[in-house]
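Source file entry18.txt; content: compact mmCIF, C-alpha atoms.
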# COMPACT_ATOMS: atom_id res chain seq x y z
CA MET A 1 121.20 119.71 84.60
CA ALA A 2 119.39 117.07 86.53
CA LEU A 3 115.77 116.50 85.75
CA ARG A 4 113.68 118.80 87.89
CA TYR A 5 109.96 118.36 88.21
CA GLU A 6 107.97 121.53 88.13
CA TYR A 7 105.87 120.56 91.11
CA ALA A 8 107.36 119.52 94.42
CA VAL A 9 104.01 118.39 95.79
CA GLU A 10 100.76 117.43 94.11
CA THR A 11 97.63 116.16 95.81
CA GLU A 12 94.66 114.56 94.09
CA ASP A 13 91.29 114.56 95.83
CA LEU A 14 93.02 114.11 99.19
CA ALA A 15 90.68 113.18 102.03
CA LYS A 16 90.96 111.99 105.58
CA TYR A 17 87.96 110.95 107.64
CA TYR A 18 88.03 110.10 111.31
CA VAL A 19 85.24 107.91 112.59
CA MET A 20 84.38 108.86 116.16
CA GLY A 21 81.49 106.76 117.34
CA PRO A 22 78.42 107.61 115.26
CA VAL A 23 80.02 110.73 113.72
CA THR A 24 82.43 110.83 110.81
CA VAL A 25 84.69 113.87 110.99
CA ARG A 26 85.82 114.99 107.56
CA ALA A 27 89.14 116.50 108.59
CA LEU A 28 90.18 116.80 104.97
CA ASP A 29 87.64 116.47 102.19
CA GLY A 30 88.89 116.38 98.63
CA VAL A 31 91.87 118.69 98.35
CA SER A 32 93.60 118.86 94.98
CA VAL A 33 96.52 121.25 94.81
CA LYS A 34 99.84 121.68 93.04
CA ILE A 35 102.74 123.23 94.86
CA ARG A 36 105.66 124.50 92.78
CA ARG A 37 109.32 124.07 93.56
CA SER A 38 110.89 126.73 95.78
CA GLU A 39 107.48 128.19 96.53
CA TYR A 40 106.78 129.70 99.94
CA LEU A 41 103.27 128.61 100.70
CA SER A 42 101.01 129.23 103.65
CA ILE A 43 97.96 127.17 104.46
CA MET A 44 95.67 129.32 106.51
CA GLY A 45 92.45 128.57 108.28
CA PRO A 46 90.88 128.45 111.68
CA SER A 47 91.82 125.62 114.02
CA GLY A 48 90.02 122.44 113.03
CA SER A 49 90.03 123.38 109.36
CA GLY A 50 92.35 120.52 108.47
CA LYS A 51 95.74 122.23 108.33
CA THR A 52 97.53 119.70 110.51
CA THR A 53 95.83 116.80 108.76
CA PHE A 54 97.06 118.17 105.43
CA PHE A 55 100.52 118.52 106.95
CA ASN A 56 100.51 114.91 108.14
CA MET A 57 99.30 113.55 104.78
CA VAL A 58 101.81 115.48 102.68
CA GLY A 59 104.58 114.59 105.11
CA GLY A 60 103.85 110.87 104.81
CA LEU A 61 103.17 110.69 108.55
CA ASP A 62 99.63 109.37 108.16
CA ARG A 63 97.69 107.57 105.44
CA PRO A 64 94.80 109.30 103.66
CA THR A 65 91.30 107.79 103.52
CA ARG A 66 91.08 108.68 99.83
CA GLY A 67 93.17 110.40 97.23
CA LYS A 68 96.86 110.65 96.48
CA VAL A 69 99.93 112.63 97.41
CA PHE A 70 102.80 112.95 94.95
CA ILE A 71 106.18 114.19 96.04
CA ASP A 72 108.59 114.72 93.16
CA GLU A 73 105.94 112.96 91.06
CA VAL A 74 106.15 109.81 93.18
CA ASP A 75 102.93 108.56 94.73
CA ILE A 76 103.87 108.14 98.37
CA ALA A 77 101.21 105.48 98.90
CA SER A 78 103.30 103.23 96.64
CA LEU A 79 106.36 103.42 98.89
CA ASP A 80 107.28 100.59 101.25
CA ALA A 81 108.36 101.25 104.85
CA TYR A 82 112.01 101.49 103.83
CA GLU A 83 111.37 104.03 101.06
CA LEU A 84 108.97 105.99 103.25
CA ALA A 85 111.65 106.33 105.92
CA TRP A 86 114.05 107.58 103.25
CA LEU A 87 111.46 110.11 102.10
CA ARG A 88 111.10 111.43 105.64
CA ALA A 89 114.84 111.50 106.23
CA LYS A 90 116.00 113.01 102.96
CA LYS A 91 113.22 114.71 101.05
CA ILE A 92 111.14 116.30 103.78
CA GLY A 93 112.13 118.50 106.70
CA TYR A 94 109.63 118.90 109.52
CA ILE A 95 109.17 121.86 111.81
CA PHE A 96 106.65 121.64 114.65
CA GLN A 97 104.84 124.10 116.86
CA THR A 98 106.33 122.40 119.92
CA PHE A 99 109.85 122.22 118.37
CA ASN A 100 110.16 118.49 119.19
CA LEU A 101 113.89 118.43 119.79
CA ILE A 102 115.36 115.41 121.56
CA PRO A 103 115.75 116.76 125.12
CA VAL A 104 118.86 114.78 126.06
CA LEU A 105 120.84 115.75 122.96
CA THR A 106 122.69 119.03 122.45
CA ALA A 107 121.72 121.45 119.68
CA LEU A 108 124.58 120.12 117.55
CA GLU A 109 123.58 116.47 118.08
CA ASN A 110 119.95 117.22 117.34
CA VAL A 111 120.95 118.67 113.98
CA THR A 112 123.23 115.73 113.15
CA LEU A 113 120.46 113.18 113.79
CA PRO A 114 118.78 113.24 110.34
CA MET A 115 122.22 112.74 108.75
CA VAL A 116 122.74 109.57 110.81
CA PHE A 117 119.79 108.05 108.97
CA THR A 118 121.00 109.18 105.55
CA GLY A 119 124.40 107.63 106.24
CA VAL A 120 126.63 110.73 106.30
CA GLU A 121 130.09 110.20 107.84
CA ARG A 122 130.54 111.40 111.42
CA GLU A 123 133.05 114.17 110.65
CA GLU A 124 130.99 115.45 107.74
CA ARG A 125 127.86 115.34 109.91
CA LEU A 126 129.42 117.54 112.56
CA ARG A 127 130.81 119.94 109.98
CA ARG A 128 127.47 120.36 108.21
CA ALA A 129 125.53 120.66 111.48
CA ARG A 130 127.91 123.37 112.74
CA GLU A 131 127.61 125.22 109.45
CA MET A 132 123.80 125.00 109.50
CA LEU A 133 123.52 126.13 113.13
CA THR A 134 125.81 129.06 112.41
CA ARG A 135 123.60 129.89 109.45
CA VAL A 136 120.51 130.13 111.69
CA GLY A 137 122.46 132.27 114.17
CA LEU A 138 123.25 129.71 116.86
CA GLY A 139 126.96 129.23 116.21
CA GLU A 140 127.69 130.06 119.84
CA ARG A 141 125.21 127.64 121.37
CA LEU A 142 126.16 124.33 119.77
CA ASP A 143 126.56 122.43 123.03
CA HIS A 144 123.43 123.67 124.77
CA LYS A 145 120.57 121.26 125.43
CA PRO A 146 117.06 122.32 124.32
CA GLY A 147 116.13 123.04 127.95
CA GLU A 148 118.86 125.67 128.08
CA LEU A 149 117.60 127.50 125.00
CA SER A 150 114.72 129.95 124.57
CA GLY A 151 111.69 129.07 122.44
CA GLY A 152 112.97 131.05 119.49
CA GLN A 153 116.40 129.42 119.75
CA GLN A 154 114.85 125.96 119.97
CA GLN A 155 112.85 126.67 116.83
CA ARG A 156 116.07 127.76 115.10
CA VAL A 157 117.65 124.43 116.01
CA ALA A 158 114.56 122.69 114.61
CA ILE A 159 114.88 124.72 111.39
CA ALA A 160 118.55 123.77 111.11
CA ARG A 161 117.61 120.13 111.65
CA ALA A 162 114.87 120.31 109.01
CA LEU A 163 117.19 121.82 106.40
CA VAL A 164 120.48 120.06 107.04
CA ASN A 165 119.79 117.20 104.60
CA ASP A 166 118.85 119.64 101.81
CA PRO A 167 115.27 118.42 101.54
CA VAL A 168 112.91 119.12 98.64
CA ILE A 169 110.23 120.47 100.94
CA VAL A 170 110.08 121.82 104.44
CA LEU A 171 106.78 121.31 106.21
CA ALA A 172 106.09 123.61 109.12
CA ASP A 173 103.08 123.11 111.37
CA GLU A 174 102.36 126.37 113.23
CA PRO A 175 106.06 127.22 113.49
CA THR A 176 105.32 130.49 115.28
CA GLY A 177 102.45 129.17 117.42
CA ASN A 178 104.47 129.01 120.64
CA LEU A 179 106.48 132.18 120.11
CA ASP A 180 105.91 135.82 120.92
CA LEU A 181 105.24 138.37 118.17
CA HIS A 182 108.82 139.53 117.74
CA THR A 183 110.44 136.08 117.87
CA GLY A 184 107.74 134.76 115.54
CA LEU A 185 108.60 137.43 113.00
CA GLU A 186 112.29 136.52 113.20
CA ILE A 187 111.47 132.87 112.53
CA ILE A 188 109.24 133.80 109.58
CA ASN A 189 111.99 135.94 108.08
CA LEU A 190 114.59 133.23 108.64
CA LEU A 191 112.38 130.71 106.82
CA LYS A 192 111.90 133.17 103.96
CA THR A 193 115.65 133.81 103.67
CA LEU A 194 116.41 130.09 103.60
CA ASN A 195 113.63 129.60 101.05
CA THR A 196 115.24 132.17 98.74
CA GLU A 197 118.81 130.99 99.34
CA LYS A 198 118.33 127.24 99.13
CA LYS A 199 115.38 127.23 96.73
CA VAL A 200 113.59 124.84 99.06
CA THR A 201 109.80 124.61 98.99
CA ILE A 202 108.33 125.75 102.28
CA ILE A 203 104.80 124.80 103.29
CA ASN A 204 103.45 126.44 106.43
CA ALA A 205 100.28 125.42 108.18
CA THR A 206 99.47 128.49 110.21
CA HIS A 207 96.94 131.01 111.35
CA ASP A 208 99.60 133.63 111.93
CA LEU A 209 98.69 136.51 109.58
CA LYS A 210 102.31 137.75 109.67
CA MET A 211 103.04 134.87 107.29
CA ILE A 212 101.05 136.52 104.48
CA ASP A 213 103.74 139.13 103.82
CA VAL A 214 106.35 136.55 102.86
CA SER A 215 104.17 133.88 101.23
CA ASP A 216 104.08 133.45 97.47
CA ARG A 217 100.63 131.93 97.68
CA ILE A 218 98.08 131.35 100.41
CA PHE A 219 95.65 128.44 100.52
CA TRP A 220 92.64 129.23 102.64
CA LEU A 221 91.28 126.08 104.17
CA ARG A 222 87.86 125.72 105.73
CA ASP A 223 86.11 122.55 106.92
CA GLY A 224 88.63 120.36 105.14
CA LYS A 225 88.21 122.06 101.77
CA ILE A 226 90.19 124.68 99.90
CA GLU A 227 88.08 127.80 100.12
CA ARG A 228 90.27 129.94 97.87
CA ILE A 229 93.84 130.28 96.68
CA GLU A 230 95.39 133.72 96.59
CA THR A 231 98.75 135.13 95.66
CA ARG A 232 100.41 137.68 97.90
CA ALA A 233 99.56 140.47 95.42
CA GLU A 234 95.87 139.63 95.58
CA VAL A 235 95.86 139.74 99.37
CA ALA A 236 97.69 143.06 99.31
CA VAL A 237 95.17 144.59 96.88
CA LYS A 238 92.33 143.51 99.14
CA GLU A 239 93.96 145.09 102.13
CA VAL A 240 94.22 148.41 100.28
CA GLU A 241 90.57 148.27 99.30
CA MET B 242 115.42 103.72 93.85
CA SER B 243 119.16 103.35 93.47
CA GLY B 244 121.27 101.25 95.81
CA GLU B 245 122.80 104.06 97.84
CA GLU B 246 119.41 105.53 98.65
CA GLY B 247 117.89 104.20 101.80
CA VAL B 248 117.99 104.94 105.48
CA LYS B 249 120.89 103.60 107.48
CA PHE B 250 121.25 103.00 111.16
CA PRO B 251 124.23 100.70 111.68
CA LEU B 252 124.45 98.76 114.93
CA SER B 253 127.40 100.90 116.06
CA GLU B 254 125.22 104.02 115.78
CA ALA B 255 122.36 102.34 117.64
CA PHE B 256 124.79 101.23 120.32
CA SER B 257 126.32 104.66 120.88
CA PHE B 258 122.85 106.23 120.81
CA SER B 259 121.61 103.83 123.50
CA LEU B 260 124.72 104.33 125.60
CA GLU B 261 124.38 108.13 125.44
CA SER B 262 120.71 107.85 126.30
CA ILE B 263 121.51 105.82 129.43
CA LYS B 264 124.30 108.22 130.44
CA ARG B 265 122.18 111.32 130.06
CA ARG B 266 119.10 109.88 131.69
CA PHE B 267 121.15 108.44 134.47
CA GLY B 268 118.48 108.93 137.13
CA ARG B 269 115.96 106.95 135.12
CA ALA B 270 118.57 104.29 134.33
CA LEU B 271 119.41 104.00 138.04
CA VAL B 272 115.77 103.32 138.92
CA THR B 273 115.53 100.57 136.31
CA MET B 274 118.89 99.21 137.32
CA ALA B 275 118.08 99.30 141.04
CA SER B 276 115.38 96.66 140.67
CA ILE B 277 117.74 94.49 138.65
CA VAL B 278 120.59 94.94 141.15
CA LEU B 279 118.36 94.15 144.13
CA GLY B 280 116.74 91.09 142.55
CA ILE B 281 119.97 89.59 141.26
CA SER B 282 121.96 90.32 144.41
CA PHE B 283 119.24 88.69 146.52
CA LEU B 284 119.31 85.62 144.28
CA THR B 285 123.10 85.39 144.32
CA PHE B 286 123.27 86.01 148.06
CA LEU B 287 120.77 83.24 148.74
CA LEU B 288 122.44 80.69 146.52
CA THR B 289 126.02 81.50 147.57
CA THR B 290 125.07 81.20 151.24
CA GLY B 291 123.27 77.93 150.53
CA ARG B 292 126.29 76.54 148.73
CA ILE B 293 128.73 77.51 151.49
CA VAL B 294 126.50 76.02 154.19
CA SER B 295 125.97 72.78 152.29
CA VAL B 296 129.72 72.38 151.73
CA LEU B 297 130.46 73.10 155.41
CA TYR B 298 127.84 70.76 156.82
CA GLY B 299 127.81 68.26 153.98
CA GLU B 300 125.40 67.81 151.09
CA GLY B 301 123.06 65.98 153.40
CA SER B 302 121.49 69.18 154.62
CA GLY B 303 118.37 67.74 153.09
CA VAL B 304 116.43 67.77 149.84
CA ALA B 305 113.65 69.76 151.50
CA VAL B 306 116.02 72.64 152.30
CA GLN B 307 117.37 72.68 148.77
CA PHE B 308 113.88 72.70 147.36
CA TYR B 309 112.98 75.57 149.65
CA GLN B 310 116.05 77.48 148.47
CA LEU B 311 115.10 77.06 144.83
CA TRP B 312 111.66 78.38 145.67
CA MET B 313 113.13 81.46 147.27
CA ALA B 314 115.33 82.01 144.23
CA VAL B 315 112.38 81.79 141.85
CA ILE B 316 110.36 84.24 143.96
CA ALA B 317 113.33 86.62 143.99
CA LEU B 318 113.53 86.45 140.19
CA LEU B 319 109.78 87.03 139.82
CA ILE B 320 109.82 90.10 142.03
CA CYS B 321 112.82 91.41 140.17
CA SER B 322 111.08 90.87 136.78
CA VAL B 323 107.96 92.76 137.82
CA GLY B 324 110.09 95.71 138.91
CA ILE B 325 112.01 95.71 135.66
CA VAL B 326 108.88 95.44 133.47
CA ASN B 327 107.40 98.38 135.34
CA SER B 328 110.38 100.66 134.96
CA MET B 329 110.94 99.66 131.31
CA LEU B 330 107.30 100.46 130.59
CA MET B 331 107.70 103.86 132.21
CA SER B 332 110.91 104.72 130.41
CA VAL B 333 109.45 103.78 127.01
CA THR B 334 106.15 105.58 127.58
CA GLU B 335 107.76 108.84 128.63
CA ARG B 336 109.70 108.80 125.37
CA TYR B 337 106.79 108.41 122.93
CA LYS B 338 107.23 111.94 121.66
CA GLU B 339 110.92 111.35 121.10
CA ILE B 340 110.07 108.20 119.15
CA GLY B 341 107.65 110.17 116.97
CA THR B 342 110.36 112.73 116.27
CA MET B 343 112.91 110.04 115.45
CA LYS B 344 110.46 108.53 112.97
CA CYS B 345 110.00 111.90 111.27
CA LEU B 346 113.76 112.07 110.88
CA GLY B 347 113.89 108.70 109.12
CA ALA B 348 113.93 106.05 111.86
CA MET B 349 112.16 102.80 111.00
CA ASN B 350 110.31 100.52 113.42
CA THR B 351 113.29 98.19 113.66
CA HIS B 352 115.60 101.08 114.55
CA VAL B 353 113.37 102.13 117.45
CA LEU B 354 113.20 98.52 118.64
CA GLU B 355 116.99 98.25 118.34
CA ILE B 356 117.60 101.32 120.50
CA PHE B 357 115.37 100.12 123.32
CA LEU B 358 116.60 96.52 123.26
CA ILE B 359 120.25 97.60 123.35
CA GLU B 360 119.43 99.86 126.28
CA ALA B 361 117.78 96.94 128.09
CA LEU B 362 120.75 94.72 127.30
CA LEU B 363 123.19 97.24 128.73
CA LEU B 364 121.08 97.83 131.84
CA GLY B 365 120.69 94.07 132.36
CA LEU B 366 124.41 93.53 131.94
CA ILE B 367 125.50 96.35 134.26
CA GLY B 368 122.74 95.80 136.83
CA GLY B 369 123.22 92.04 136.78
CA GLY B 370 126.99 92.45 137.12
CA ILE B 371 126.70 94.76 140.11
CA GLY B 372 123.99 92.59 141.67
CA ALA B 373 125.88 89.32 141.25
CA VAL B 374 129.14 90.71 142.62
CA ALA B 375 127.37 92.44 145.52
CA GLY B 376 125.28 89.40 146.51
CA TRP B 377 128.25 87.08 146.25
CA THR B 378 130.53 89.42 148.26
CA ILE B 379 128.01 89.99 151.05
CA ALA B 380 127.28 86.27 151.37
CA THR B 381 130.97 85.34 151.40
CA VAL B 382 132.05 88.02 153.87
CA TRP B 383 129.14 87.32 156.18
CA GLN B 384 129.78 83.59 156.23
CA ALA B 385 133.53 84.11 156.61
CA PHE B 386 132.97 86.16 159.77
CA THR B 387 130.26 84.05 161.35
CA GLN B 388 131.58 80.59 160.54
CA ALA B 389 134.91 78.93 161.26
CA SER B 390 137.80 78.81 158.75
CA PRO B 391 137.24 81.93 156.58
CA ILE B 392 139.84 80.79 154.04
CA ASN B 393 137.94 77.61 153.33
CA ILE B 394 134.73 79.55 152.88
CA PHE B 395 136.38 81.95 150.50
CA MET B 396 137.69 79.01 148.44
CA VAL B 397 134.20 77.51 148.25
CA SER B 398 132.50 80.69 147.10
CA ALA B 399 135.31 81.55 144.67
CA SER B 400 134.88 78.16 143.02
CA LEU B 401 131.23 79.03 142.34
CA TRP B 402 132.35 81.34 139.50
CA THR B 403 133.76 78.44 137.53
CA GLU B 404 131.14 75.80 138.26
CA PHE B 405 128.74 75.09 135.43
CA ASN B 406 127.03 72.04 136.87
CA VAL B 407 124.09 71.43 134.56
CA THR B 408 122.85 68.36 136.44
CA ASN B 409 122.12 70.29 139.63
CA PRO B 410 119.91 73.33 138.95
CA LEU B 411 120.66 74.83 142.34
CA LEU B 412 124.39 74.66 141.80
CA LEU B 413 124.10 75.97 138.27
CA LEU B 414 122.05 78.96 139.40
CA ALA B 415 124.56 79.62 142.17
CA ASN B 416 127.15 80.58 139.56
CA PRO B 417 127.22 84.41 139.53
CA LEU B 418 127.86 84.42 135.77
CA ILE B 419 124.60 82.53 135.24
CA ALA B 420 122.88 85.17 137.39
CA ILE B 421 124.22 87.89 135.08
CA ALA B 422 123.00 86.01 132.01
CA LEU B 423 119.58 85.61 133.65
CA SER B 424 119.49 89.32 134.38
CA VAL B 425 120.15 90.16 130.72
CA ILE B 426 117.44 87.76 129.58
CA ILE B 427 114.90 89.17 132.04
CA ALA B 428 115.73 92.76 131.09
CA LEU B 429 115.35 91.97 127.37
CA LEU B 430 112.05 90.15 127.89
CA ALA B 431 110.76 93.00 130.04
CA ALA B 432 111.68 95.61 127.43
CA LEU B 433 110.38 93.63 124.46
CA ALA B 434 106.64 94.34 124.85
CA PRO B 435 106.81 98.10 125.55
CA ALA B 436 109.53 98.58 122.92
CA TYR B 437 107.49 96.69 120.33
CA ILE B 438 104.40 98.79 121.04
CA ALA B 439 106.48 101.97 120.82
CA ALA B 440 108.12 100.89 117.56
CA LYS B 441 104.76 100.14 115.92
CA LEU B 442 103.28 103.58 116.69
CA SER B 443 102.69 105.79 113.69
CA PRO B 444 104.64 109.08 113.91
CA THR B 445 101.46 111.12 114.34
CA GLU B 446 100.20 108.94 117.17
CA ALA B 447 103.55 109.10 118.92
CA LEU B 448 103.80 112.87 118.54
CA ARG B 449 100.27 113.45 119.79
CA TYR B 450 100.97 111.47 122.94
CA GLU B 451 101.14 113.52 126.13
CA VAL B 452 102.47 111.95 129.33

Could you spell out this file's structure in structure tokens?
Amino acid sequence: MALRYEYAVETEDLAKYYVMGPVTVRALDGVSVKIRRSEYLSIMGPSGSGKTTFFNMVGGLDRPTRGKVFIDEVDIASLDAYELAWLRAKKIGYIFQTFNLIPVLTALENVTLPMVFTGVEREERLRRAREMLTRVGLGERLDHKPGELSGGQQQRVAIARALVNDPVIVLADEPTGNLDLHTGLEIINLLKTLNTEKKVTIINATHDLKMIDVSDRIFWLRDGKIERIETRAEVAVKEVE
Amino acid sequence: MSGEEGVKFPLSEAFSFSLESIKRRFGRALVTMASIVLGISFLTFLLTTGRIVSVLYGEGSGVAVQFYQLWMAVIALLICSVGIVNSMLMSVTERYKEIGTMKCLGAMNTHVLEIFLIEALLLGLIGGGIGAVAGWTIATVWQAFTQASPINIFMVSASLWTEFNVTNPLLLLANPLIAIALSVIIALLAALAPAYIAAKLSPTEALRYEV
């Protein structure tokens, strides 16, 4: 068996400050967490609590002011541009609130895109993208452009795109933020199913309380700091009380 | 990291991506191309007409006239460049979000630059081609109908395609192939600055951008 690290993500005293004129905004202020493999994690907190900043730091999309992020025990600050691109292409899948599909490409082409960068052969790319889209329930809509799909369907395409390279972690920033209650629930359940099936770590930044039911752990974030960490059982007990 | 690990984006992929992008954003491509076509056809029209007239009435039509022609050609090129820079800037800016997404999927700065420069190259080539052929055809047909001996005129303008006279700038520029080359160079130069800015954006900046 290949060597598997226990933690998919570790952060050490992670901080990000934005200087805006005379004020320094502490978007993230000393967050140290360990996220296990194949964990389904939700980061909850009001808007402005630092969820998206955390998402950007862990995803290697932005550089922290202080502290470190380890993915598979590799400090991502030590990666050069080439290795960072590989990390984004292969190890991390991103899901956004606004879906962020390429508008001129079909659903199928959108899903093949990450495999272009990891050098998968064209035939194999198409095969895997078809398989993945069928898996998320869009086998009939391969050749539709994002504009011809509903919000929920677009998010399914984005989920297929995020998972098609078998990443270590999937980062989702408010994945249900632009969806109605019912569609949101479907997306949450789809993410949970894929998490169980593929053993992929899923990290959600959200303030959608529906997420609590499927999360293994919940990080409550407030003013850039971890307020408390709870497991699903703990939240459930509280609700009963 | 082992040798096989690392993002790839071979030139063939970049090329087909750019080509698809032009095809599917054809309206946008037409706008960019229109300024190239107009500029280059004006230039070619001017120089072809000048060449025909100077052959018909002898080279002695005067240095002043030739100088004036060159001036007109330069102005035509300048106007054409401004139009191209403007539409390139627009087409890159409206795709910031797409660039951010591409970077999240593993695209590097050079890949983004590649895509936009190949697009510019293709637009310059197609637009320049259409412009040169159109300008040359209009000039030739017009002169053939208004002047005597249409066959002679056609021979003169046809010979322009093969003339690479480096000692006479006016004659060199009059070659439609040179006009196409110029068009490609202008399109590339126009795309370089906006494409470079776009390529340097961090993914978060690019994604946050709203047009």

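Each of A:Thr183, A:Gln155, A:Thr98, A:Ser215 was compared to chain B using only C-alpha atoms, and A:Thr98 turns out to be the nearest.
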
Contact residues (chain A, partner chain B, 7 Å, all atoms listed in the file) as a short mmCIF file (atom, residue, chain, number, x, y, z; two decimals) with C-alpha atoms, in the frame of the given file:
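File part00.cif, as written:
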data_model
loop_
_atom_site.label_atom_id
_atom_site.label_comp_id
_atom_site.auth_asym_id
_atom_site.auth_seq_id
_atom_site.Cartn_x
_atom_site.Cartn_y
_atom_site.Cartn_z
CA LEU A 61 103.17 110.69 108.55
CA ASP A 62 99.63 109.37 108.16
CA TYR A 82 112.01 101.49 103.83
CA GLU A 83 111.37 104.03 101.06
CA ALA A 85 111.65 106.33 105.92
CA TRP A 86 114.05 107.58 103.25
CA ARG A 88 111.10 111.43 105.64
CA ALA A 89 114.84 111.50 106.23
CA ASN A 100 110.16 118.49 119.19
CA ILE A 102 115.36 115.41 121.56
CA VAL A 104 118.86 114.78 126.06
CA PRO A 114 118.78 113.24 110.34
CA VAL A 116 122.74 109.57 110.81
CA PHE A 117 119.79 108.05 108.97
CA THR A 118 121.00 109.18 105.55
CA GLY A 119 124.40 107.63 106.24
#

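Separating CA of Gln97 in chain A from CA of Tyr437 in chain B is a distance of 27.8 Å.
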
Near range 32-37 of chain A, within 10 Å and counting all atoms listed in the file, which residues show up once chain neighbours fewer than 2 positions away are dropped, as a PDB file with C-alpha atoms, in the coordinates of the input?
ATOM      1  CA  ARG A   4     113.680 118.800  87.890  1.00  0.00           C
ATOM      2  CA  TYR A   5     109.960 118.360  88.210  1.00  0.00           C
ATOM      3  CA  GLU A   6     107.970 121.530  88.130  1.00  0.00           C
ATOM      4  CA  TYR A   7     105.870 120.560  91.110  1.00  0.00           C
ATOM      5  CA  ALA A   8     107.360 119.520  94.420  1.00  0.00           C
ATOM      6  CA  VAL A   9     104.010 118.390  95.790  1.00  0.00           C
ATOM      7  CA  GLU A  10     100.760 117.430  94.110  1.00  0.00           C
ATOM      8  CA  THR A  11      97.630 116.160  95.810  1.00  0.00           C
ATOM      9  CA  GLU A  12      94.660 114.560  94.090  1.00  0.00           C
ATOM     10  CA  ASP A  13      91.290 114.560  95.830  1.00  0.00           C
ATOM     11  CA  LEU A  14      93.020 114.110  99.190  1.00  0.00           C
ATOM     12  CA  ALA A  15      90.680 113.180 102.030  1.00  0.00           C
ATOM     13  CA  ASP A  29      87.640 116.470 102.190  1.00  0.00           C
ATOM     14  CA  GLY A  30      88.890 116.380  98.630  1.00  0.00           C
ATOM     15  CA  GLU A  39     107.480 128.190  96.530  1.00  0.00           C
ATOM     16  CA  TYR A  40     106.780 129.700  99.940  1.00  0.00           C
ATOM     17  CA  LEU A  41     103.270 128.610 100.700  1.00  0.00           C
ATOM     18  CA  GLY A  67      93.170 110.400  97.230  1.00  0.00           C
ATOM     19  CA  LYS A  68      96.860 110.650  96.480  1.00  0.00           C
ATOM     20  CA  VAL A  69      99.930 112.630  97.410  1.00  0.00           C
ATOM     21  CA  PHE A  70     102.800 112.950  94.950  1.00  0.00           C
ATOM     22  CA  ILE A  71     106.180 114.190  96.040  1.00  0.00           C
ATOM     23  CA  ASP A  72     108.590 114.720  93.160  1.00  0.00           C
ATOM     24  CA  VAL A 168     112.910 119.120  98.640  1.00  0.00           C
ATOM     25  CA  ILE A 169     110.230 120.470 100.940  1.00  0.00           C
ATOM     26  CA  LYS A 199     115.380 127.230  96.730  1.00  0.00           C
ATOM     27  CA  VAL A 200     113.590 124.840  99.060  1.00  0.00           C
ATOM     28  CA  THR A 201     109.800 124.610  98.990  1.00  0.00           C
ATOM     29  CA  ILE A 202     108.330 125.750 102.280  1.00  0.00           C
ATOM     30  CA  ILE A 203     104.800 124.800 103.290  1.00  0.00           C
ATOM     31  CA  ARG A 217     100.630 131.930  97.680  1.00  0.00           C
ATOM     32  CA  PHE A 219      95.650 128.440 100.520  1.00  0.00           C
ATOM     33  CA  LYS A 225      88.210 122.060 101.770  1.00  0.00           C
ATOM     34  CA  ILE A 226      90.190 124.680  99.900  1.00  0.00           C
ATOM     35  CA  ILE A 229      93.840 130.280  96.680  1.00  0.00           C
TER      36      ILE A 229
END

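CA of Pro175 in chain A is found 7.6 Å from CA of Asn204 in chain A.
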
Exercise for review: Record the distance separating CA of Lys16 in chain A and CA of Pro64 in chain A, expressed in Å with one decimal.
Suggested key: 5.1 Å

Exercise for review: Please identify all polymer residues within 8 Å of Arg156 in chain A, counting only C-alpha atoms, omitting same-chain residues fewer than 5 positions from it, and present them as a ChimeraX atom specification.
Suggested key: /A:133,136-138,187

Practice item. For Lys90 in chain A, work out the shell of residues within 6 Å, counting all atoms listed in the file and skipping chain neighbours fewer than 3 positions away, then give it as a PyMOL selection string. Key: chain A and resi 86-87+165+167

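Of the residues under consideration (B:Ile293, B:Leu366, B:Ile371, B:Leu330), B:Ile293 shows the shortest atom-to-atom contact distance to Ile392 in chain B when counting only C-alpha atoms.
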
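For Leu311 in chain B, the list of residues within 9 Å, based on only C-alpha atoms and with local chain neighbours fewer than 5 positions off taken out, reads Leu288, Val306, Ile316, Pro410 and Leu411 of chain B.
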
Kindly save the residues from that selection, with C-alpha atoms included, as an mmCIF file, in the frame of the given file.
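selection33.cif, freshly written:
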data_model
loop_
_atom_site.group_PDB
_atom_site.id
_atom_site.type_symbol
_atom_site.label_atom_id
_atom_site.label_comp_id
_atom_site.auth_asym_id
_atom_site.auth_seq_id
_atom_site.Cartn_x
_atom_site.Cartn_y
_atom_site.Cartn_z
ATOM 1 C CA LEU B 288 122.440 80.690 146.520
ATOM 2 C CA VAL B 306 116.020 72.640 152.300
ATOM 3 C CA ILE B 316 110.360 84.240 143.960
ATOM 4 C CA PRO B 410 119.910 73.330 138.950
ATOM 5 C CA LEU B 411 120.660 74.830 142.340
#

Practice item. Pick out the residues sitting within 9 Å of Met44 in chain A, and hand them over as a VMD selection string; count all atoms listed in the file, and ignore anything fewer than 2 positions along from it in its own chain. Key: chain A and resid 42 46 49 51 204 to 209 218 to 222

Check your understanding: Once you count all atoms listed in the file, which residues end up no further than 9 Å from (120.4, 84.5, 142.8) in the file's frame, shown as a PyMOL selection string?
Key -> chain B and resi 280-289+314-315+317-318+372-373+376-377+414-417+419-420
